[in-house]
Amino acid sequence: MTAPITDREVKWATPLPTLDPGPLSIEPYVSPEFYQKEKRQIFKKAWLEVARVEEIPEKGDFLVSKMEAWDSEIILVRGKDDKIRGFHNICPHRGMKVSRCQDSGGPFGDADVYQKGNGHVFVCPFHGWTYDLDGSLRPIVGEEYLAKDFKRSENGLPEISVDTWNGFIFVHYQQNPPQTLREFIDPLARDLDDFPFDDFNHIARYSARCKSNWKAFIDAFHEAYHAVFLHGRSIPDCGATPEYGVPNSARIYGPHHSVSMWANPDHQPTPAETIAWKYGVSFTPGENNQLGGLNPSNDENWWFDINVFFPNFFVDVGPGWYFTYNFRPVSENETVWIMNIYQADAKTPSEKIAQEHTKVILRDIVYEDLSTLEDTQEMLESGVLTHLNATFDPEVAVRHQHATVMEWVNSGENS
Amino acid sequence: MSNHLPDGFEALEFLTDRWLLETENERHRARLASDPLELRKIYDTLLPRMEEICDFLDQYPLENMPWAAHNLMTLALVFMEVSPSIEVFGGSPTVPFGFAPERWIIHC
């Protein structure tokens with residue numbers, strides 16, 4: 001028996017559900033059939049985050065996003081009444097996409113994230129059927145040739161449910177979801193309600209398309225155990241210490257969870273980091289600003305919180321920044337990953353220079369995180385193994401996600 | 001030598017040939033395309049001047065900086081871009097054993 005890596009133990013701030021301590025089945029990570037069940041049982045039954053309200057600030061602003069897990073594509077649009085609505089991007093006449101924006105830019109194109117535009121109406125490029133921003137169908141040229149009982153009022157753009165929380169836009173496949181967004185994301189959302197999301201600005205977006213199962217992808221981001229080894233170069237004395245592998249505290253809220261990371265009080269900043277902290281805020285541990293919504297279990301030596309909204313959205317919050325991940329499954333072994341970083345608006349040139357440190361160090365750390373995914377997926381698919389041996393406390397988030405996925409997939413299969 | 005930078009920062013002028021890059025994406029691609037010695041030279045040149053640069057730039061409003069001051073700020077952003085290569089990645093332009101940079105999309 002080797003010595004424990006730390007004297008600290010995870011502080012469980014919520015009752016811990018019964019989690020099978022045994023090995024985890026690999027099937028959910030590799031099976032096309034299992035992924036088909038996940039699409040039905042999870043992605044068409046959960047609220048899914050897509051974008052922030054600032055992405056479509058003006059009336060008539062819209063964005064188009066692939067929803068691979070729905071086998072669809074959606075439009076989110078801010079109406080003339082300022083309300084944000086969502087529709088499938090399909091014309092009820094003959095099925096054409098009503099919005100076919102050109103790639104909206106970015107050096108490599110934003111196509112994997114979404115495309116944006118502004119307009120007064122949506123005009124289908126095929127026959128010109130035209131829809132108001134609330135999805136209703138306008139009078140049609142040739143309406144007299146349609147079936148006698150055709151009703152324009154019943155042939156608007158197919159609507160999806162949309163709601164927001166702290167500026168995050170969530171969508172639901174069903175028109176009348178069994179739970180409101182708030183009911184679905186409480187009480188994890190409540191822990192974060194006091195965080196000043198509205199005061200922060202978008203400073204970076206990264207994305208990648210990766211041959212990895214969406215859950216294996218997520219698993220690389222909600223446990224700290226990997227940092228002890230994988231981040232040995234990028235953050236040698238904050239991530240890569242044995243102690244860091246055990247989180248300070250963890251909270252499990254139904255399908256969601258939240259884990260608080262340990263900060264090394266003896267962390268030695270690099271020269272660039274020291275400059276960043278002199279003039280602003282960086283990602284690596286430094287001065288703790290007193291912001292609401294942070295450190296919900298009042299841990300000592302607290303660094304940041306990883307908040308995971310089931311099934312595929314993260315909001316990681318720290319003392320002067322937050323960043324999000326979206327994991328959009330494309331198939332059982334392919335995922336589109338999107339990262340957005342937000343910080344308080346830089347008011348001076350030196351604050352902007354400090355922000356650059358947040359971006360580049362986070363980006364380079366996450367390069368390491370993405371490095372293991374495709375090799376892992378390839379070998380999971382070899383069939384050599386049937387089960388995985390996740391630890392319990394350090395990787396409790398991996399176990400909780402696995403258990404939640406199994407529960408959702410199995411619970412409604414007969415319904 | 002043409003003068004791209006404010007008075008007092010002439011010693012950094014040689015960096016303006018290649019590194020007046022406006023976006024993170026441009027700066028990152030330039031770092032990836034550099035050799036380790038070049039990154040070391042940039043880092044060693046800028047590090048001892050960084051606090052002076054920050055203090056100098058803070059006399060201007062962020063949204064309305066003179067052209068030469070804006071160029072100087074760009075070099076400070078370049079310093080941050082190359083800093084992980086020198087400080088933690090042993091001089092490597094890429095993240096060692098990291099995800100393929102050509103598949104990593106920087107959107108803004």
# chains A, B, ... in the order shown; residues from 1 in each chain; ligands from 1
>>> select_by_dssp(residues="segment 124-299 of chain A", states="strand (DSSP E or B)", output="ChimeraX atom specification")
/A:130-132,137,159-165,168-172,200-210,249-253,256-262
>>> write_last_selection(atoms="C-alpha atoms", output="tab-separated table (two decimals), in the first residue's frame")
chain	number	residue	atom	x	y	z
A	130	THR	CA	-41.12	34.00	-46.10
A	131	TYR	CA	-41.27	33.82	-42.30
A	132	ASP	CA	-41.43	36.58	-39.71
A	137	LEU	CA	-45.49	32.18	-42.40
A	159	GLU	CA	-40.34	25.85	-33.01
A	160	ILE	CA	-38.11	24.61	-30.23
A	161	SER	CA	-38.16	25.69	-26.60
A	162	VAL	CA	-35.76	28.44	-25.59
A	163	ASP	CA	-34.97	29.90	-22.18
A	164	THR	CA	-32.09	31.79	-20.65
A	165	TRP	CA	-30.23	31.74	-17.36
A	168	PHE	CA	-26.84	31.65	-21.33
A	169	ILE	CA	-29.32	30.52	-23.98
A	170	PHE	CA	-30.56	26.96	-23.56
A	171	VAL	CA	-32.77	25.04	-25.97
A	172	HIS	CA	-35.01	22.02	-25.55
A	200	PHE	CA	-17.70	40.04	-18.12
A	201	ASN	CA	-16.77	40.24	-21.78
A	202	HIS	CA	-15.90	37.59	-24.28
A	203	ILE	CA	-12.13	37.55	-24.84
A	204	ALA	CA	-11.47	34.29	-26.68
A	205	ARG	CA	-13.10	31.41	-28.52
A	206	TYR	CA	-11.40	28.17	-29.50
A	207	SER	CA	-12.83	25.08	-31.09
A	208	ALA	CA	-11.77	21.72	-32.43
A	209	ARG	CA	-13.38	18.69	-34.03
A	210	CYS	CA	-12.07	15.57	-32.45
A	249	SER	CA	-14.90	19.78	-2.39
A	250	ALA	CA	-17.60	18.37	-4.62
A	251	ARG	CA	-21.32	18.87	-4.97
A	252	ILE	CA	-23.72	16.57	-6.77
A	253	TYR	CA	-27.07	18.00	-7.82
A	256	HIS	CA	-25.22	17.94	-12.57
A	257	HIS	CA	-22.11	18.33	-10.47
A	258	SER	CA	-19.55	20.84	-9.35
A	259	VAL	CA	-15.97	20.33	-8.16
A	260	SER	CA	-13.67	22.88	-6.49
A	261	MET	CA	-9.97	22.81	-7.27
A	262	TRP	CA	-7.14	23.10	-4.80
>>> closest_atom_pairs(of="chain B", to="chain A", cutoff="7 Å", atoms="only C-alpha atoms", output="tab-separated table")
residue	atom	partner	partner_atom	distance
B:Cys54	CA	A:Ser350	CA	5.0
B:Leu57	CA	A:Pro349	CA	6.0
B:Asp58	CA	A:Pro349	CA	5.7
B:Pro61	CA	A:Thr348	CA	6.4
B:Leu62	CA	A:Pro349	CA	5.1
B:Ala76	CA	A:Ile353	CA	6.5
B:Leu77	CA	A:Ile353	CA	5.8
B:Met80	CA	A:His357	CA	5.5
B:Glu81	CA	A:Val360	CA	6.0
B:Ser83	CA	A:Ala272	CA	6.4
B:Pro84	CA	A:Ile361	CA	6.7
B:Glu87	CA	A:Thr270	CA	6.8
B:Val88	CA	A:Ser234	CA	5.5
B:Phe89	CA	A:Arg233	CA	6.3
B:Val95	CA	A:Asp364	CA	6.4
B:Phe97	CA	A:Ser371	CA	6.7
B:Gly98	CA	A:Glu368	CA	4.6
B:Phe99	CA	A:Ser371	CA	4.4
B:Arg103	CA	A:Ala208	CA	6.2
B:Trp104	CA	A:Ala208	CA	5.3
B:Ile105	CA	A:Ser207	CA	5.2
B:Ile106	CA	A:Tyr206	CA	4.8
B:His107	CA	A:Gly106	CA	5.1
B:Cys108	CA	A:Ala204	CA	6.0
>>> write_last_selection(atoms="N, CA and C atoms", output="PDB file, in the first residue's frame")
ATOM      1  N   CYS B  54       4.083  48.544 -19.715  1.00  0.00           N
ATOM      2  CA  CYS B  54       2.725  48.633 -19.143  1.00  0.00           C
ATOM      3  C   CYS B  54       2.493  50.023 -18.538  1.00  0.00           C
ATOM      4  N   LEU B  57       2.177  52.654 -21.327  1.00  0.00           N
ATOM      5  CA  LEU B  57       0.928  52.580 -22.104  1.00  0.00           C
ATOM      6  C   LEU B  57      -0.268  53.068 -21.303  1.00  0.00           C
ATOM      7  N   ASP B  58      -0.211  52.929 -19.993  1.00  0.00           N
ATOM      8  CA  ASP B  58      -1.369  53.290 -19.173  1.00  0.00           C
ATOM      9  C   ASP B  58      -1.632  54.794 -19.132  1.00  0.00           C
ATOM     10  N   PRO B  61      -5.770  56.094 -23.115  1.00  0.00           N
ATOM     11  CA  PRO B  61      -6.987  55.269 -23.024  1.00  0.00           C
ATOM     12  C   PRO B  61      -6.869  54.079 -23.985  1.00  0.00           C
ATOM     13  N   LEU B  62      -7.351  52.942 -23.551  1.00  0.00           N
ATOM     14  CA  LEU B  62      -7.204  51.719 -24.343  1.00  0.00           C
ATOM     15  C   LEU B  62      -7.783  51.863 -25.747  1.00  0.00           C
ATOM     16  N   ALA B  76       3.826  43.797 -26.501  1.00  0.00           N
ATOM     17  CA  ALA B  76       3.587  43.244 -25.162  1.00  0.00           C
ATOM     18  C   ALA B  76       2.692  42.004 -25.247  1.00  0.00           C
ATOM     19  N   LEU B  77       1.713  42.016 -26.170  1.00  0.00           N
ATOM     20  CA  LEU B  77       0.859  40.835 -26.369  1.00  0.00           C
ATOM     21  C   LEU B  77       1.689  39.683 -26.956  1.00  0.00           C
ATOM     22  N   MET B  80       3.407  37.906 -24.166  1.00  0.00           N
ATOM     23  CA  MET B  80       2.541  36.928 -23.497  1.00  0.00           C
ATOM     24  C   MET B  80       2.393  35.673 -24.357  1.00  0.00           C
ATOM     25  N   GLU B  81       2.281  35.861 -25.671  1.00  0.00           N
ATOM     26  CA  GLU B  81       2.113  34.711 -26.557  1.00  0.00           C
ATOM     27  C   GLU B  81       3.320  33.768 -26.488  1.00  0.00           C
ATOM     28  N   SER B  83       5.513  33.579 -24.053  1.00  0.00           N
ATOM     29  CA  SER B  83       5.985  33.275 -22.703  1.00  0.00           C
ATOM     30  C   SER B  83       5.852  31.792 -22.315  1.00  0.00           C
ATOM     31  N   PRO B  84       4.741  31.101 -22.642  1.00  0.00           N
ATOM     32  CA  PRO B  84       4.711  29.676 -22.253  1.00  0.00           C
ATOM     33  C   PRO B  84       5.808  28.857 -22.934  1.00  0.00           C
ATOM     34  N   GLU B  87       8.886  29.761 -20.798  1.00  0.00           N
ATOM     35  CA  GLU B  87       8.817  29.558 -19.340  1.00  0.00           C
ATOM     36  C   GLU B  87       8.496  28.117 -18.953  1.00  0.00           C
ATOM     37  N   VAL B  88       7.691  27.443 -19.757  1.00  0.00           N
ATOM     38  CA  VAL B  88       7.277  26.090 -19.331  1.00  0.00           C
ATOM     39  C   VAL B  88       7.472  24.995 -20.378  1.00  0.00           C
ATOM     40  N   PHE B  89       7.677  25.351 -21.651  1.00  0.00           N
ATOM     41  CA  PHE B  89       7.770  24.308 -22.673  1.00  0.00           C
ATOM     42  C   PHE B  89       9.192  24.138 -23.211  1.00  0.00           C
ATOM     43  N   VAL B  95       3.054  23.247 -28.145  1.00  0.00           N
ATOM     44  CA  VAL B  95       2.887  22.595 -26.842  1.00  0.00           C
ATOM     45  C   VAL B  95       3.384  21.159 -27.003  1.00  0.00           C
ATOM     46  N   PHE B  97       3.830  17.429 -27.178  1.00  0.00           N
ATOM     47  CA  PHE B  97       2.856  16.329 -27.116  1.00  0.00           C
ATOM     48  C   PHE B  97       1.417  16.840 -27.048  1.00  0.00           C
ATOM     49  N   GLY B  98       1.192  18.069 -27.470  1.00  0.00           N
ATOM     50  CA  GLY B  98      -0.152  18.650 -27.428  1.00  0.00           C
ATOM     51  C   GLY B  98      -0.970  18.267 -28.651  1.00  0.00           C
ATOM     52  N   PHE B  99      -2.226  18.706 -28.654  1.00  0.00           N
ATOM     53  CA  PHE B  99      -3.130  18.505 -29.786  1.00  0.00           C
ATOM     54  C   PHE B  99      -2.549  19.211 -31.017  1.00  0.00           C
ATOM     55  N   ARG B 103      -5.283  21.885 -36.241  1.00  0.00           N
ATOM     56  CA  ARG B 103      -6.699  21.532 -36.059  1.00  0.00           C
ATOM     57  C   ARG B 103      -7.334  22.338 -34.939  1.00  0.00           C
ATOM     58  N   TRP B 104      -6.581  23.219 -34.344  1.00  0.00           N
ATOM     59  CA  TRP B 104      -7.056  24.046 -33.231  1.00  0.00           C
ATOM     60  C   TRP B 104      -7.477  25.391 -33.814  1.00  0.00           C
ATOM     61  N   ILE B 105      -8.735  25.721 -33.717  1.00  0.00           N
ATOM     62  CA  ILE B 105      -9.237  26.945 -34.345  1.00  0.00           C
ATOM     63  C   ILE B 105      -9.327  28.064 -33.314  1.00  0.00           C
ATOM     64  N   ILE B 106      -8.675  29.180 -33.626  1.00  0.00           N
ATOM     65  CA  ILE B 106      -8.772  30.385 -32.803  1.00  0.00           C
ATOM     66  C   ILE B 106      -9.733  31.323 -33.530  1.00  0.00           C
ATOM     67  N   HIS B 107     -10.846  31.634 -32.888  1.00  0.00           N
ATOM     68  CA  HIS B 107     -11.907  32.359 -33.596  1.00  0.00           C
ATOM     69  C   HIS B 107     -11.804  33.866 -33.491  1.00  0.00           C
ATOM     70  N   CYS B 108     -11.076  34.393 -32.528  1.00  0.00           N
ATOM     71  CA  CYS B 108     -11.017  35.850 -32.455  1.00  0.00           C
ATOM     72  C   CYS B 108      -9.667  36.274 -31.901  1.00  0.00           C
TER      73      CYS B 108
END
>>> atom_distance(atom1="atom CA of Lys45 of chain A", atom2="atom CA of Glu183 of chain A")
13.5 Å
>>> select_by_dssp(residues="segment 212-346 of chain A", states="alpha helix (DSSP H)", output="list in words")
Trp214, Lys215, Ala216, Phe217, Ile218, Asp219, Ala227, Val228, Phe229, Leu230, Pro271, Ala272, Glu273, Thr274, Ile275, Ala276, Trp277, Lys278 and Tyr279 of chain A
>>> write_last_selection(atoms="C-alpha atoms", output="PDB file, in the first residue's frame")
ATOM      1  CA  TRP A 214     -18.418  13.157 -26.128  1.00  0.00           C
ATOM      2  CA  LYS A 215     -18.316  11.615 -22.646  1.00  0.00           C
ATOM      3  CA  ALA A 216     -14.644  10.651 -22.884  1.00  0.00           C
ATOM      4  CA  PHE A 217     -14.034  14.234 -24.013  1.00  0.00           C
ATOM      5  CA  ILE A 218     -15.882  15.613 -20.993  1.00  0.00           C
ATOM      6  CA  ASP A 219     -14.065  13.185 -18.702  1.00  0.00           C
ATOM      7  CA  ALA A 227      -3.279  17.292 -14.096  1.00  0.00           C
ATOM      8  CA  VAL A 228      -0.798  15.679 -11.755  1.00  0.00           C
ATOM      9  CA  PHE A 229       0.862  14.080 -14.768  1.00  0.00           C
ATOM     10  CA  LEU A 230      -0.498  15.542 -18.001  1.00  0.00           C
ATOM     11  CA  PRO A 271       7.807  36.102 -14.750  1.00  0.00           C
ATOM     12  CA  ALA A 272       4.975  36.547 -17.282  1.00  0.00           C
ATOM     13  CA  GLU A 273       2.430  35.462 -14.692  1.00  0.00           C
ATOM     14  CA  THR A 274       3.856  37.927 -12.170  1.00  0.00           C
ATOM     15  CA  ILE A 275       3.400  40.761 -14.658  1.00  0.00           C
ATOM     16  CA  ALA A 276      -0.150  39.639 -15.424  1.00  0.00           C
ATOM     17  CA  TRP A 277      -1.060  39.621 -11.734  1.00  0.00           C
ATOM     18  CA  LYS A 278       0.584  42.997 -11.146  1.00  0.00           C
ATOM     19  CA  TYR A 279      -1.628  44.675 -13.760  1.00  0.00           C
TER      20      TYR A 279
END
>>> closest_residue(among="B:Met65, B:Ile42, B:Val78, B:Ile86", to="Asn25 of chain B", atoms="only C-alpha atoms")
B:Val78
>>> residues_around(residues="Trp67 of chain B", least_positions_apart="2", cutoff="9 Å", atoms="only C-alpha atoms", output="ChimeraX atom specification")
/B:4-6,65,69-72
>>> write_last_selection(atoms="C-alpha atoms", output="PDB file, in the first residue's frame")
ATOM      1  CA  HIS B   4       7.254  52.193 -35.376  1.00  0.00           C
ATOM      2  CA  LEU B   5       7.527  52.626 -31.604  1.00  0.00           C
ATOM      3  CA  PRO B   6       7.382  55.503 -29.111  1.00  0.00           C
ATOM      4  CA  MET B  65      -3.999  55.008 -28.414  1.00  0.00           C
ATOM      5  CA  ALA B  69       1.813  53.144 -28.585  1.00  0.00           C
ATOM      6  CA  HIS B  70      -0.593  50.664 -30.150  1.00  0.00           C
ATOM      7  CA  ASN B  71       2.374  48.960 -31.826  1.00  0.00           C
ATOM      8  CA  LEU B  72       4.164  48.789 -28.490  1.00  0.00           C
TER       9      LEU B  72
END
>>> residues_around(residues="Gln377 of chain A", least_positions_apart="5", cutoff="9 Å", atoms="only C-alpha atoms", output="PyMOL selection string")
chain A and resi 29-30+211-213+216+333+372+382
>>> write_last_selection(atoms="N, CA and C atoms", output="short mmCIF file (atom, residue, chain, number, x, y, z; two decimals), in the first residue's frame")
data_model
loop_
_atom_site.label_atom_id
_atom_site.label_comp_id
_atom_site.auth_asym_id
_atom_site.auth_seq_id
_atom_site.Cartn_x
_atom_site.Cartn_y
_atom_site.Cartn_z
N TYR A 29 -18.96 4.38 -24.55
CA TYR A 29 -17.98 5.24 -25.21
C TYR A 29 -17.73 4.83 -26.67
N VAL A 30 -18.20 3.67 -27.06
CA VAL A 30 -17.82 3.17 -28.38
C VAL A 30 -18.99 2.68 -29.23
N LYS A 211 -11.94 13.21 -32.94
CA LYS A 211 -12.47 11.83 -33.01
C LYS A 211 -12.47 11.24 -31.61
N SER A 212 -13.46 11.67 -30.83
CA SER A 212 -13.57 11.20 -29.45
C SER A 212 -15.04 11.15 -29.09
N ASN A 213 -15.41 10.17 -28.30
CA ASN A 213 -16.76 10.13 -27.76
C ASN A 213 -16.97 11.35 -26.86
N ALA A 216 -16.08 10.77 -23.14
CA ALA A 216 -14.64 10.65 -22.88
C ALA A 216 -14.00 12.04 -22.97
N ASN A 333 -18.19 8.56 -31.94
CA ASN A 333 -16.75 8.78 -31.77
C ASN A 333 -16.26 10.08 -32.39
N THR A 372 -4.86 13.62 -25.53
CA THR A 372 -5.01 12.18 -25.24
C THR A 372 -6.26 11.57 -25.88
N SER A 382 -10.76 -0.73 -29.86
CA SER A 382 -10.07 -1.98 -30.22
C SER A 382 -10.79 -3.20 -29.67
#
>>> atom_distance(atom1="atom CA of Pro178 of chain A", atom2="atom CA of Glu73 of chain A")
22.6 Å
>>> closest_residue(among="B:Thr16, B:Val82, B:Gly91, B:Glu51", to="Ala30 of chain B", atoms="only C-alpha atoms")
B:Val82
>>> residues_around(residues="Gly95 of chain A", least_positions_apart="6", cutoff="12 Å", atoms="only C-alpha atoms", output="ChimeraX atom specification")
/A:72,88-89,124-127,129,155,157-158
>>> residues_around(residues="Phe14 of chain B", least_positions_apart="2", cutoff="12 Å", atoms="only C-alpha atoms", output="PyMOL selection string")
chain B and resi 1-5+9-12+16-20+38+41-42+45-46+75
>>> atom_distance(atom1="atom CA of Val121 of chain A", atom2="atom CA of Gly135 of chain A")
8.7 Å
